[in-house]
Amino acid sequence: MSEESWTVPRGRLAGLADLPLDDGVPAHVLQQDAALVGRLLAGVARSGDAGDQGVSDEDVAAALALFEDMRMALDRLETQVVIEARRRGMEWRQIALHQGMKSSQAASQRYQRLVTRLEEIRQGIR
């Protein structure tokens with residue numbers, strides 16, 4: 001999806017900004033981790049040289065370590081939203097369209113992969 005196509009969904013969801021985002025839920029954790037990575041990158045970008053802003057190699061390594069948890073949180077959120085869409089009667093082709101996919105089969109398969117991945121993580125297989 002182009003950057004412009006995200007404007008409408010972001011604007012629509014901005015109206016929900018008054019709803020609280022509880023600590024510990026995947027969205028809150030993802031938001032915090034993304035903000036930390038953003039701060040690191042902002043520090044690097046401002047200086048042009050990571051050392052000038054006190055950003056160490058260990059800081060960069062710590063940021064890299066956050067990505068697996070961020071992916072898992074994002075997978076959980078996507079799964080929950082797809083479940084809600086289906087609960088509300090959305091068909092797979094509608095879900096596919098909103099996810100930028102070309103077919104209902106692609107959306108359904110993605111959902112199944114997410115569920116499988118999350119279950120494997122829960123069971124300690126991954």
# chains A, B, ... in the order shown; residues from 1 in each chain; ligands from 1

$ closest_atom_pairs --of "segment 70-106 of chain A" --to "segment 9-29 of chain A" --cutoff "12 Å" --atoms "only C-alpha atoms" --output "JSON lines"
{"residue": "A:Met70", "atom": "CA", "partner": "A:Val29", "partner_atom": "CA", "distance": 7.9}
{"residue": "A:Arg71", "atom": "CA", "partner": "A:Pro26", "partner_atom": "CA", "distance": 10.2}
{"residue": "A:Met72", "atom": "CA", "partner": "A:Pro26", "partner_atom": "CA", "distance": 8.5}
{"residue": "A:Ala73", "atom": "CA", "partner": "A:Pro26", "partner_atom": "CA", "distance": 4.9}
{"residue": "A:Leu74", "atom": "CA", "partner": "A:Pro26", "partner_atom": "CA", "distance": 7.3}
{"residue": "A:Asp75", "atom": "CA", "partner": "A:Pro26", "partner_atom": "CA", "distance": 9.3}
{"residue": "A:Arg76", "atom": "CA", "partner": "A:Pro26", "partner_atom": "CA", "distance": 7.1}
{"residue": "A:Leu77", "atom": "CA", "partner": "A:Pro26", "partner_atom": "CA", "distance": 6.7}
{"residue": "A:Glu78", "atom": "CA", "partner": "A:Ala27", "partner_atom": "CA", "distance": 10.3}
{"residue": "A:Thr79", "atom": "CA", "partner": "A:Pro26", "partner_atom": "CA", "distance": 11.4}
{"residue": "A:Gln80", "atom": "CA", "partner": "A:Pro26", "partner_atom": "CA", "distance": 10.4}
{"residue": "A:Val81", "atom": "CA", "partner": "A:Ala27", "partner_atom": "CA", "distance": 11.7}
{"residue": "A:His98", "atom": "CA", "partner": "A:Pro9", "partner_atom": "CA", "distance": 9.6}
{"residue": "A:Gln99", "atom": "CA", "partner": "A:Pro9", "partner_atom": "CA", "distance": 11.3}

$ write_last_selection --atoms "all heavy atoms" --output "compact mmCIF listing (two decimals), in the first residue's frame"
# COMPACT_ATOMS: atom_id res chain seq x y z
N MET A 70 8.61 -7.45 19.01
CA MET A 70 7.73 -6.54 18.28
C MET A 70 6.95 -7.29 17.20
O MET A 70 5.75 -7.06 17.02
CB MET A 70 8.53 -5.39 17.68
CG MET A 70 9.09 -4.44 18.73
SD MET A 70 10.28 -3.23 18.09
CE MET A 70 9.27 -2.28 16.98
N ARG A 71 7.63 -8.19 16.49
CA ARG A 71 6.94 -9.00 15.46
C ARG A 71 5.84 -9.86 16.09
O ARG A 71 4.74 -9.98 15.55
CB ARG A 71 7.93 -9.90 14.73
CG ARG A 71 8.71 -9.22 13.66
CD ARG A 71 9.55 -10.21 12.86
NE ARG A 71 10.52 -9.46 12.09
CZ ARG A 71 11.76 -9.18 12.51
NH1 ARG A 71 12.19 -9.61 13.66
NH2 ARG A 71 12.55 -8.47 11.75
N MET A 72 6.15 -10.46 17.24
CA MET A 72 5.16 -11.30 17.91
C MET A 72 3.96 -10.46 18.36
O MET A 72 2.81 -10.87 18.20
CB MET A 72 5.79 -12.02 19.10
CG MET A 72 4.89 -13.08 19.69
SD MET A 72 5.71 -14.18 20.87
CE MET A 72 6.50 -13.05 21.98
N ALA A 73 4.21 -9.28 18.91
CA ALA A 73 3.12 -8.41 19.34
C ALA A 73 2.28 -7.99 18.14
O ALA A 73 1.04 -7.99 18.20
CB ALA A 73 3.67 -7.18 20.07
N LEU A 74 2.93 -7.66 17.04
CA LEU A 74 2.20 -7.26 15.85
C LEU A 74 1.39 -8.43 15.28
O LEU A 74 0.24 -8.25 14.87
CB LEU A 74 3.19 -6.73 14.80
CG LEU A 74 2.62 -5.94 13.65
CD1 LEU A 74 1.80 -4.75 14.13
CD2 LEU A 74 3.75 -5.47 12.75
N ASP A 75 1.96 -9.62 15.31
CA ASP A 75 1.23 -10.81 14.87
C ASP A 75 -0.01 -11.04 15.73
O ASP A 75 -1.09 -11.36 15.22
CB ASP A 75 2.12 -12.06 14.92
CG ASP A 75 3.18 -12.07 13.84
OD1 ASP A 75 3.14 -11.21 12.93
OD2 ASP A 75 4.06 -12.95 13.91
N ARG A 76 0.14 -10.88 17.04
CA ARG A 76 -1.02 -11.04 17.94
C ARG A 76 -2.10 -10.02 17.63
O ARG A 76 -3.29 -10.35 17.58
CB ARG A 76 -0.58 -10.89 19.40
CG ARG A 76 0.10 -12.08 19.96
CD ARG A 76 0.35 -11.88 21.45
NE ARG A 76 1.14 -12.97 21.97
CZ ARG A 76 2.13 -12.83 22.82
NH1 ARG A 76 2.46 -11.63 23.27
NH2 ARG A 76 2.79 -13.87 23.25
N LEU A 77 -1.69 -8.78 17.43
CA LEU A 77 -2.66 -7.73 17.13
C LEU A 77 -3.38 -8.00 15.82
O LEU A 77 -4.60 -7.88 15.73
CB LEU A 77 -1.96 -6.37 17.08
CG LEU A 77 -1.46 -5.83 18.40
CD1 LEU A 77 -0.59 -4.60 18.17
CD2 LEU A 77 -2.61 -5.50 19.32
N GLU A 78 -2.62 -8.38 14.79
CA GLU A 78 -3.23 -8.65 13.49
C GLU A 78 -4.22 -9.81 13.61
O GLU A 78 -5.33 -9.76 13.08
CB GLU A 78 -2.17 -8.96 12.45
CG GLU A 78 -2.75 -9.16 11.07
CD GLU A 78 -1.69 -9.38 10.00
OE1 GLU A 78 -0.48 -9.17 10.26
OE2 GLU A 78 -2.08 -9.74 8.87
N THR A 79 -3.83 -10.85 14.33
CA THR A 79 -4.70 -12.01 14.52
C THR A 79 -5.99 -11.60 15.22
O THR A 79 -7.09 -11.98 14.81
CB THR A 79 -3.97 -13.10 15.33
OG1 THR A 79 -2.81 -13.49 14.61
CG2 THR A 79 -4.85 -14.32 15.56
N GLN A 80 -5.86 -10.79 16.26
CA GLN A 80 -7.04 -10.34 17.00
C GLN A 80 -7.96 -9.49 16.13
O GLN A 80 -9.19 -9.62 16.20
CB GLN A 80 -6.62 -9.55 18.25
CG GLN A 80 -5.98 -10.43 19.29
CD GLN A 80 -5.33 -9.62 20.41
OE1 GLN A 80 -5.11 -8.42 20.30
NE2 GLN A 80 -5.01 -10.30 21.50
N VAL A 81 -7.40 -8.65 15.28
CA VAL A 81 -8.23 -7.80 14.42
C VAL A 81 -8.91 -8.65 13.34
O VAL A 81 -10.09 -8.43 13.03
CB VAL A 81 -7.40 -6.65 13.80
CG1 VAL A 81 -8.22 -5.88 12.78
CG2 VAL A 81 -6.92 -5.70 14.91
N HIS A 98 -8.42 -4.94 2.48
CA HIS A 98 -7.93 -3.99 3.49
C HIS A 98 -6.48 -4.27 3.89
O HIS A 98 -5.79 -3.36 4.37
CB HIS A 98 -8.83 -4.00 4.72
CG HIS A 98 -10.18 -3.42 4.44
ND1 HIS A 98 -10.37 -2.10 4.11
CD2 HIS A 98 -11.40 -3.99 4.40
CE1 HIS A 98 -11.65 -1.87 3.90
NE2 HIS A 98 -12.30 -3.01 4.07
N GLN A 99 -6.03 -5.50 3.70
CA GLN A 99 -4.64 -5.83 4.03
C GLN A 99 -3.71 -5.66 2.83
O GLN A 99 -2.53 -5.93 2.93
CB GLN A 99 -4.55 -7.28 4.54
CG GLN A 99 -5.16 -7.45 5.92
CD GLN A 99 -4.99 -8.87 6.42
OE1 GLN A 99 -5.25 -9.83 5.72
NE2 GLN A 99 -4.55 -8.98 7.66

$ residues_around --residues "Gln112 of chain A" --least-positions-apart "5" --cutoff "12 Å" --atoms "only C-alpha atoms" --output "list in words"
Asp75, Glu78, Thr79, Val82, Ile83, Gln105, Ala106, Ala107, Arg117, Leu118 and Glu119 of chain A

$ closest_residue --among "A:Ala45, A:Leu30, A:Val55, A:Ile125" --to "Asp69 of chain A" --atoms "only C-alpha atoms"
A:Leu30

$ closest_residue --among "A:Ser103, A:Tyr111, A:Thr116, A:Leu66" --to "Gln32 of chain A" --atoms "only C-alpha atoms"
A:Leu66

$ select_by_dssp --residues "segment 23-74 of chain A" --states "helix (DSSP H, G or I)" --output "ChimeraX atom specification"
/A:26-47,50-53,57-74

$ atom_distance --atom1 "atom CA of Leu40 of chain A" --atom2 "atom CA of Ala63 of chain A"
7.8 Å

$ decode --residues "segment 17-114 of chain A" --atoms "C-alpha atoms" --output "short mmCIF file (atom, residue, chain, number, x, y, z; two decimals), in the first residue's frame"
data_model
loop_
_atom_site.label_atom_id
_atom_site.label_comp_id
_atom_site.auth_asym_id
_atom_site.auth_seq_id
_atom_site.Cartn_x
_atom_site.Cartn_y
_atom_site.Cartn_z
CA ALA A 17 -7.41 8.07 20.72
CA ASP A 18 -9.40 8.73 23.89
CA LEU A 19 -9.66 5.01 24.63
CA PRO A 20 -7.03 3.93 27.16
CA LEU A 21 -4.15 1.71 26.08
CA ASP A 22 -3.51 -0.59 29.04
CA ASP A 23 -0.01 -1.57 30.13
CA GLY A 24 1.00 -5.08 29.19
CA VAL A 25 -1.28 -5.52 26.18
CA PRO A 26 0.52 -6.21 22.89
CA ALA A 27 -0.35 -2.80 21.43
CA HIS A 28 1.12 -0.97 24.41
CA VAL A 29 4.31 -3.03 24.43
CA LEU A 30 4.70 -2.58 20.68
CA GLN A 31 4.17 1.16 21.01
CA GLN A 32 6.82 1.44 23.73
CA ASP A 33 9.37 -0.67 21.87
CA ALA A 34 8.82 1.18 18.59
CA ALA A 35 9.29 4.48 20.42
CA LEU A 36 12.59 3.24 21.88
CA VAL A 37 13.87 2.21 18.45
CA GLY A 38 12.69 5.55 17.05
CA ARG A 39 14.63 7.44 19.73
CA LEU A 40 17.76 5.46 18.95
CA LEU A 41 17.47 6.21 15.24
CA ALA A 42 16.69 9.87 15.91
CA GLY A 43 19.84 10.12 18.00
CA VAL A 44 21.91 8.59 15.24
CA ALA A 45 20.31 10.74 12.51
CA ARG A 46 20.83 13.99 14.43
CA SER A 47 24.51 13.42 14.82
CA GLY A 48 25.41 11.71 11.57
CA ASP A 49 27.85 9.76 13.76
CA ALA A 50 26.42 7.45 16.43
CA GLY A 51 29.21 8.23 18.86
CA ASP A 52 28.34 11.92 19.05
CA GLN A 53 24.96 11.28 20.67
CA GLY A 54 26.14 8.64 23.11
CA VAL A 55 24.53 5.82 21.09
CA SER A 56 26.75 2.81 21.60
CA ASP A 57 27.08 -0.47 19.77
CA GLU A 58 25.34 -2.05 22.76
CA ASP A 59 22.39 0.34 22.28
CA VAL A 60 22.09 -0.72 18.64
CA ALA A 61 22.29 -4.39 19.65
CA ALA A 62 19.57 -3.84 22.28
CA ALA A 63 17.34 -2.29 19.61
CA LEU A 64 17.89 -5.29 17.33
CA ALA A 65 16.90 -7.60 20.19
CA LEU A 66 13.48 -5.91 20.43
CA PHE A 67 12.36 -6.85 16.92
CA GLU A 68 11.36 -10.45 17.58
CA ASP A 69 9.08 -9.37 20.44
CA MET A 70 7.73 -6.54 18.28
CA ARG A 71 6.94 -9.00 15.46
CA MET A 72 5.16 -11.30 17.91
CA ALA A 73 3.12 -8.41 19.34
CA LEU A 74 2.20 -7.26 15.85
CA ASP A 75 1.23 -10.81 14.87
CA ARG A 76 -1.02 -11.04 17.94
CA LEU A 77 -2.66 -7.73 17.13
CA GLU A 78 -3.23 -8.65 13.49
CA THR A 79 -4.70 -12.01 14.52
CA GLN A 80 -7.04 -10.34 17.00
CA VAL A 81 -8.23 -7.80 14.42
CA VAL A 82 -8.83 -10.52 11.81
CA ILE A 83 -10.81 -12.52 14.38
CA GLU A 84 -12.89 -9.41 15.11
CA ALA A 85 -13.43 -8.78 11.39
CA ARG A 86 -14.66 -12.34 10.90
CA ARG A 87 -16.82 -12.11 14.03
CA ARG A 88 -18.47 -9.05 12.49
CA GLY A 89 -19.19 -10.94 9.29
CA MET A 90 -16.44 -9.62 7.02
CA GLU A 91 -15.60 -12.01 4.23
CA TRP A 92 -12.03 -13.03 3.47
CA ARG A 93 -12.04 -11.03 0.24
CA GLN A 94 -12.87 -7.85 2.21
CA ILE A 95 -10.13 -8.60 4.72
CA ALA A 96 -7.70 -9.24 1.85
CA LEU A 97 -8.57 -5.90 0.26
CA HIS A 98 -7.93 -3.99 3.49
CA GLN A 99 -4.64 -5.83 4.03
CA GLY A 100 -3.45 -5.00 0.53
CA MET A 101 -3.69 -8.60 -0.68
CA LYS A 102 -5.05 -9.74 -4.01
CA SER A 103 -7.13 -12.72 -2.91
CA SER A 104 -9.25 -14.05 -0.11
CA GLN A 105 -7.08 -17.17 -0.14
CA ALA A 106 -3.96 -15.06 0.57
CA ALA A 107 -5.64 -13.39 3.56
CA SER A 108 -6.89 -16.69 4.93
CA GLN A 109 -3.49 -18.33 4.52
CA ARG A 110 -1.76 -15.40 6.20
CA TYR A 111 -4.12 -15.68 9.15
CA GLN A 112 -3.43 -19.41 9.41
CA ARG A 113 0.34 -18.80 9.32
CA LEU A 114 0.02 -16.20 12.07
#
